[in-house]
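For reference, the structure is listed below as C-alpha cells.
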Amino acid sequence: MISGETLHRQTLAELAQGLAAGEFTSRELTEILLRRIESHQESYNAFITITAEIALQQADKADKARANGDGGYLNGLPIAHKDLFCTKRVLTTCGSRMLQNFVSPYDATVVEKMALAGAVMLGKTNMDEFAMGSSNETSHFGPVMNPWNTKLSPGGSSGGSAAAVAGRLVPVATGTDTGGSIRQPAAMTGTTGIKPTYGRVSRFGMVAFASSLDQGGVIARSAEDAAMVLEVISGHDHRDSTSINHPVPRYVDGLSRGIKGLKVGIVRQHFDEGLDESCAEAINLALNTLSESGAKIVEVDLPHIDLSVPAYYVVAPAECSSNLSRFDGVRFGHRAEKPQDLHDLYCRTRGEAFGAEVKRRIMTGTYVLSAGYYDAYYLKAQKVRKLISQDFVNAFCEVDLIAGPTTPTTAFALGEKTDDPITMYLNDIYTIGANLSGLPGISIPCGLVGGLPVGLQLVGPHFEEERILACAHQYQQLTDWHRLEPGATI
Amino acid sequence: MTSGWEVVIGLEIHTQLSTKSKIFSGAATAYGSETNTQACLIDLGYPGILPVLNTEVVRMAVKFGLAVNAAISPLSVFARKNYFYPDLPKGYQISQYELPIVEHGELFIRTDDGTEKRIGITRAHLEEDAGKSIHKGFGKSSGIDLNRAGTPLLEIVSEPDLRSAKEAVAYMRKIHSIVRYLEISDGNMQEGSFRCDANVSVRASGQKQLGTRTELKNLNSFRFVEKAINFEAQRQIDVVEEGGQIVQETRLYDSDNDETRPMRSKEEANDYRYFPDPDLLPVEIDDLFIETVRKTLPELPDAKQQRFADEYGLKAVDAEILTVNKPVADYFEAVAIKTTAKAQIAANWVIGELSALLNKQDVDIQNSRIGVEELVHLLDRITDNTISGKIGKDIFEAMWRGEGSVDEIIKARGLKQITDDSEIAAVIDRVLQANTLQVADYKAGKDKLFGYFVGQVMKETSGKANPTQVNKILKEKLT
C-alpha cells in the first residue's frame, strides 16, 4: 500500500528498499514528490525549473527496468540538480538573467552518471547567481526561503538544493561547493552536505565559477544517502583534466567503520570570537558524543587558517573574472537589444544580465590580475593558499580528521547581510579552508539553537571521503538531529 | 640602409602544428572547410566545457625544441591571456606565459658574406589560435568563423640577434625548413599556417643600448617580412634623424602601399591579465619521453647539406639549395643514387630544369610529372651519349608534356645522337666546303669562327651530333 502521507519523509536508502520490495513504484513516488514540489514552490522557491515530464518518463523507464530485473544503482530514485549542471532539453540558468533562456546542448558528467544509474530528475534547483553568494539572495529568480523559517535564508549558493532536501521535496540533490556552497546551506537547513576531494567529481558540464575551487557534491538527509549518491557521481572523467584517476570505493560499505580510536582534531581558531556561543555549545556536545564513542579529541594548529577568507576572495574572483568572460552576447545567453557597436554590445549585455554580486567579483578579479597588482594580490594569495594547504597536511599527520562548526551562526534573516558583503563573506570562514586545500568536507546536523539547525563540519585528508562519511554515519546512528524536520522543536 | 645605423630585429613566428584535431578539443583542423563546421562546443567556449590537451602537440613542440638544440622544460604551464573579441569565444586565449615548453634554442643562418651566424631562440610555446572575423558581406555587422579557433600553434620567439631584413628572412626560412623537415607543420603561408610578427628597432652604430622598438604584426610571406622591415627601419631612422622619438607601438604592414601604419590604439591597449589556467594541469615531461622523441628526429637541413657536399661532392651553394626542402633533397638523392650521371649533373638538373618547370607550373616536387625514375633514365641517356645535354632539355620538356618515356621520344623523333666519326666527318666536310670564305678567314687567325662551324654542323644534324666529337674532328680538319 502506498503511504503517500509519509513517503516524502523517507531517506533515499529507505526509498530504495521500498522500491526494491515493490511497496510502491517510481512513478507513484515521483508523482507524490512532484505534487509536493509544486505546492511548496511559492513558499520555498527552491526550484528554477520543475521537470515533471522528464521525471515521469524516467520513472516509467525505471519501473520497466526494475520489472525486467535491470536498473542502475539509483534506479527510480528521485533527485534534483543544482541549476549549474548542464542538462540537455532543460534550462540551465545558473540563477542568472544571463542564462535565463539557455538550454545546454549536452549533459554534464554528473547529470549523465545520475541518469545512467536510473535516477529520476525532478527539477533544477535555485541558487545564487553563478554560485556567487552565501544566502541564495543573488539569484535572478528570487531568494530561496529556509523551510525552517521562511523569513530566513537557507544559505547558499546551493540554497535551492538544501531547501528542497530539508523541505522533504526531494530526498537528495546535487550541489557545488567553491567556498562552502554545499556545507553552509546544509548546516543552515539541517541537512547533510558533502563536498568531496577536488578532482573527485568531474567538473565537465558544471558551469564554472572558480575552476580551482569548484567541486560537485551532494546534499542529503543522511550520510548514508550522501554516500549512495557520491558513489555514483564520483570518478575519473577524461573530459576534465583536473579530475583524478583514483579508485572510487563503495562508500556505503565503508559506513560501518567505527569511531573508536579515531583521532579527531579541533582547531582553536574555529572557536574564537565570531562563533555564536550557543552554536559552540552544540558543537562541543557533538564532540563529546564522538568522544564517548571512543574518538580521541585533540587540538591541532592551522596557523594560517585566519588568512583563508582574504586568500579566497582574491583567488576565486580572479578565476571568476576570466571564466565569465565568455558571456559576451555573441554565441549564447543574453544579448542586449540593438547594440550600437561591439563595445556597446559587450557593455550592455553584461551590464544588463549580471547581478551586483557577480559584477563585484568580476571587478575584484580583474583588479587583482591586472598589471602591477598581480604580484601583490593574486600571486600572494596563491602563496597563502599553499601555506594553508600545508597546514592541513601537517595537521593530518597528527589526526584522522578535523571537526568543528560549519558556520558561525544558525540561519540568518533574508536581507540581513545583503548590504554588507564582508559580513556575508565571513559566513564561509570555516568552510573555505577545505576548498583552498582541495580537501573533502561534510556538514551534518548536530543540534538546534533557537529552533534552528546547527552544522558540525568534518574535514578529512584527500580522498578520505569514506572516513568522514563513516564518522558522520556513526554520529547519525547515535543521534537524531538529521531526522528532525523543519518546525521540529526540542 | 643608411650608414651609421644598426637595425635590431627579433621575430615571433607562429607556426600551425599539423595535428588532425585541435589543441584542446576533438574538432578537425583541416583548412578551407565551410565556416563554423569545424568548431565543437569546446571551441565555442560553451558554459561548463573544459579543455583537454591534445598530447600530440607536446610531442611536436619537444621535437622542435630538440631540433634547435633547446632546453625542454620538465614542467610547463598553460596560462590564460584575457581579452574580449568576438572571434575569441572564451574571452581568453590559452597560451603559455611564464613557463614555456621550450627555451634557449639556437640555429645558424648564412649571412651575405657567406659566414655562419648564430641566432638565439628565446623560447617556443604552445597556444591555441583564435577564430576569424569576417568584415565583408554582412552589412554593418561582422561574421565570425570559428573553424580556426583552437588550432594548435607553436610560437617561436627569437633573440634580437638579427641585424637586417635579409637576416630576418634567412632565419625565418630556416625555421620554415626545420618545421617542415620535422613534419610538425605544413608551413603553408597562404593558409596562414606560418606567419610572423617582427620587433624592429634602430640604434646608432656602436651604441650599446637598444632603441625603442615597434612590432610589425602578421607578416605572412618572406617578401613582406623583408619589405616591411626595410620600410620600418628606414622610417625609424628618418624619425630619429629628424630629432623625433620612436613610439613603442604595434604597426601593420600594408603591402599595397608598401608601408607600415600604427594599429588603432584600442586594438592594442590590453592588459592581458595572464594567470595559470586552472582547467589544465602543468605539462610534465620526463627524460624518457624526450629520448623517445629524439629518436624520431630526421636528418636536419644543416646536417644533410654537409653530407651532400661531402658524399656527393656538390658545390656548397647547391647542397644548401637542395636541402631547404626535404622532398627536394629526397628527390635529388634518389636520382643521384640511381643514375650513372655524376651527382653534380643530377643536382644541376634538379636545381635548374626541374625547379624551373615546377615553379612555372606551380607544382610541388612530390607531384612532379617527371618522377625520379624518369629523370634517372634521361640522365643515363645523356651519360651514355645517346643524346646530348641540349637535346636532353627538349626531351625533358616533351616528357613533362606526357609524350612518353625518354627512349620513346628519342625513337619517335629520331633524336639519337650521331656518334659515328665518319658520319660526323662527312657533315663537317660538307659544311667546310660550303663556307670556303670563312675557312680562309679562320686560317688567317679569326679563331672566333670555330663556333660558327660547330653551329653549322649542329644545324645540319639537327643538334644530334655529339659535340665533343664534332669539336675534335673539326679541329683536326682545320689544322
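The chains in the C-alpha cells are called A, B, ... from first to last as shown; in each chain the residues are counted from 1, and the ligands are counted from 1 in the order shown.
Counting only C-alpha atoms, B:Gln417 has the following residues at most 12 Å away, ignoring those fewer than 5 positions along the same chain: Arg381, Ile382, Thr383, Asp384, Asn385, Thr386, Ile387, Ser388, Gly389, Lys390, Ile391, Gly392, Ile410, Lys411, Glu423, Ile424, Met458, Thr461, Ser462, Gly463, Lys464, Ala465, Asn466, Pro467, Thr468, Gln469 and Val470 of chain B.
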N, CA and C atoms of the current selection, written as a short mmCIF file (atom, residue, chain, number, x, y, z; two decimals), in the first residue's frame:
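Output contents, as saved in result-v9.cif:
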```cif
data_model
loop_
_atom_site.label_atom_id
_atom_site.label_comp_id
_atom_site.auth_asym_id
_atom_site.auth_seq_id
_atom_site.Cartn_x
_atom_site.Cartn_y
_atom_site.Cartn_z
N ARG B 381 70.79 8.47 -70.43
CA ARG B 381 70.92 8.58 -71.89
C ARG B 381 71.92 9.67 -72.29
N ILE B 382 72.00 10.69 -71.46
CA ILE B 382 72.99 11.74 -71.73
C ILE B 382 74.37 11.21 -71.42
N THR B 383 74.46 10.49 -70.29
CA THR B 383 75.77 9.97 -69.88
C THR B 383 76.30 8.95 -70.88
N ASP B 384 75.41 8.12 -71.41
CA ASP B 384 75.90 7.12 -72.37
C ASP B 384 75.94 7.65 -73.80
N ASN B 385 75.81 8.99 -73.92
CA ASN B 385 75.96 9.65 -75.20
C ASN B 385 74.89 9.33 -76.23
N THR B 386 73.78 8.77 -75.78
CA THR B 386 72.69 8.54 -76.73
C THR B 386 72.17 9.88 -77.22
N ILE B 387 72.11 10.83 -76.29
CA ILE B 387 71.67 12.17 -76.68
C ILE B 387 72.61 13.19 -76.04
N SER B 388 72.57 14.39 -76.57
CA SER B 388 73.37 15.45 -75.98
C SER B 388 72.57 16.07 -74.85
N GLY B 389 73.27 16.86 -74.03
CA GLY B 389 72.60 17.55 -72.94
C GLY B 389 71.54 18.49 -73.46
N LYS B 390 71.82 19.14 -74.58
CA LYS B 390 70.89 20.12 -75.12
C LYS B 390 69.60 19.45 -75.57
N ILE B 391 69.76 18.34 -76.28
CA ILE B 391 68.57 17.61 -76.71
C ILE B 391 67.82 17.06 -75.50
N GLY B 392 68.65 16.69 -74.49
CA GLY B 392 68.05 16.22 -73.24
C GLY B 392 67.03 17.21 -72.71
N ILE B 410 63.02 9.66 -77.98
CA ILE B 410 64.23 9.62 -78.82
C ILE B 410 63.92 8.89 -80.13
N LYS B 411 63.20 7.79 -79.98
CA LYS B 411 62.88 6.96 -81.16
C LYS B 411 61.92 7.70 -82.08
N GLU B 423 80.54 9.55 -90.00
CA GLU B 423 79.31 10.27 -90.34
C GLU B 423 79.47 11.75 -90.00
N ILE B 424 80.05 12.03 -88.82
CA ILE B 424 80.26 13.42 -88.41
C ILE B 424 81.26 14.09 -89.36
N MET B 458 75.91 21.42 -86.20
CA MET B 458 74.76 21.08 -85.36
C MET B 458 73.45 21.31 -86.12
N THR B 461 72.82 18.57 -88.47
CA THR B 461 72.44 17.29 -87.85
C THR B 461 71.27 17.45 -86.89
N SER B 462 70.60 18.58 -86.97
CA SER B 462 69.50 18.87 -86.03
C SER B 462 69.94 18.70 -84.58
N GLY B 463 71.22 19.05 -84.34
CA GLY B 463 71.71 19.03 -82.96
C GLY B 463 72.08 17.66 -82.45
N LYS B 464 72.02 16.68 -83.36
CA LYS B 464 72.22 15.31 -82.87
C LYS B 464 73.69 14.88 -82.82
N ALA B 465 74.56 15.65 -83.50
CA ALA B 465 75.97 15.25 -83.50
C ALA B 465 76.56 15.40 -82.11
N ASN B 466 77.36 14.44 -81.70
CA ASN B 466 77.98 14.51 -80.38
C ASN B 466 78.94 15.69 -80.36
N PRO B 467 78.73 16.66 -79.50
CA PRO B 467 79.51 17.90 -79.53
C PRO B 467 81.00 17.67 -79.32
N THR B 468 81.34 16.75 -78.44
CA THR B 468 82.77 16.50 -78.19
C THR B 468 83.46 16.02 -79.46
N GLN B 469 82.77 15.08 -80.13
CA GLN B 469 83.37 14.55 -81.36
C GLN B 469 83.42 15.62 -82.43
N VAL B 470 82.40 16.43 -82.53
CA VAL B 470 82.38 17.50 -83.53
C VAL B 470 83.59 18.40 -83.31
#
```
### Query
Could you pull out all residues of stretch 138-383 of chain B with a DSSP call of strand (DSSP E or B) and give them as JSON, numbers by chain?
{"B": [143, 144, 145, 152, 153, 154, 155, 156, 157, 158, 162, 194, 195, 196, 197, 198, 199, 200, 201, 202, 203, 204, 214, 215, 216, 217, 218, 219, 250, 251, 252, 253, 254, 259, 260, 261, 262, 275, 276, 283, 284]}
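Taking only C-alpha atoms into account, chain B lies nearest to A:Val368 out of the set A:Leu290, A:Ile54, A:Ala115, A:Val368.
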### Task
Restrict the distance test to only C-alpha atoms, flag each residue of chain A within 8 Å of chain B, and return the flagged residues as a list in words.
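Taken together, these residues fit the definition: Phe85, Cys86, Ala108, Arg203, Phe204, Gly205, Met206, Val207, Ala208, Ser211, Ser212, His238, Arg239, Asp240, Ser241, Thr242, Glu319, Ser322, Asn323, Ser325, Arg326, Val330, Arg331, Phe332, Thr366, Leu369, Ser370, Ala371 and Tyr374 of chain A.
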#### Entry: Surrounding residues of B:Gln305 excluding itself and chain neighbours under 2 positions, 10 Å, only C-alpha atoms, as a PyMOL selection string
chain B and resi 299-303+307-311+314+316-324+329
### Message
Set the distance at 12 Å and use only C-alpha atoms: which residues neighbour A:Glu42 once local chain neighbours fewer than 4 positions away are removed? I'd like the list as an MDAnalysis selection string.
### Response
chainID A and resid 36:38 46:48 141:145 147 150
### Message
My list of candidates is A:Gly487, A:Pro171, A:Pro408, A:Gly76. Which is closest to A:Ala220 when distances are computed with only C-alpha atoms?
### Response
A:Pro171
### Task
Extract, using only C-alpha atoms, all DNA, RNA and protein residues at most 8 Å from stretch 279-288 of chain A, discarding same-chain residues fewer than 2 positions from it, and format them as JSON, numbers by chain.
{"A": [271, 275, 276, 277, 290, 291, 292, 297, 403, 404, 405, 408, 409, 410, 446, 447, 448, 449, 454, 455, 456]}
### Query
Neighbours of stretch 344-360 of chain A within 8 Å (only C-alpha atoms; same-chain residues fewer than 4 positions away dropped), as number ranges by chain?
A: 96-98, 129-130, 132-133, 138, 140, 327-329, 334-336, 339-340, 364
### Message
as a PyMOL selection string, please: every residue in stretch 296-487 of chain A that a backbone DSSP assignment puts in alpha helix (DSSP H).
### Response
chain A and resi 308-323+342-353+356-369+380-398+421-425+432-437+465-478
### Query
Which polymer residues have any atom within 12 Å of an atom of B:Tyr452, counting only C-alpha atoms, with same-chain residues fewer than 5 positions away left out, as a PyMOL selection string?
chain B and resi 428+431-432+435+438-439+441-442+446-447+457-459+471+474
### Separation of atom CA of A:Val229 from atom CA of A:Gly265 in Å
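Result for atom CA of A:Gly265 versus atom CA of A:Val229: 27.2 Å, one decimal.
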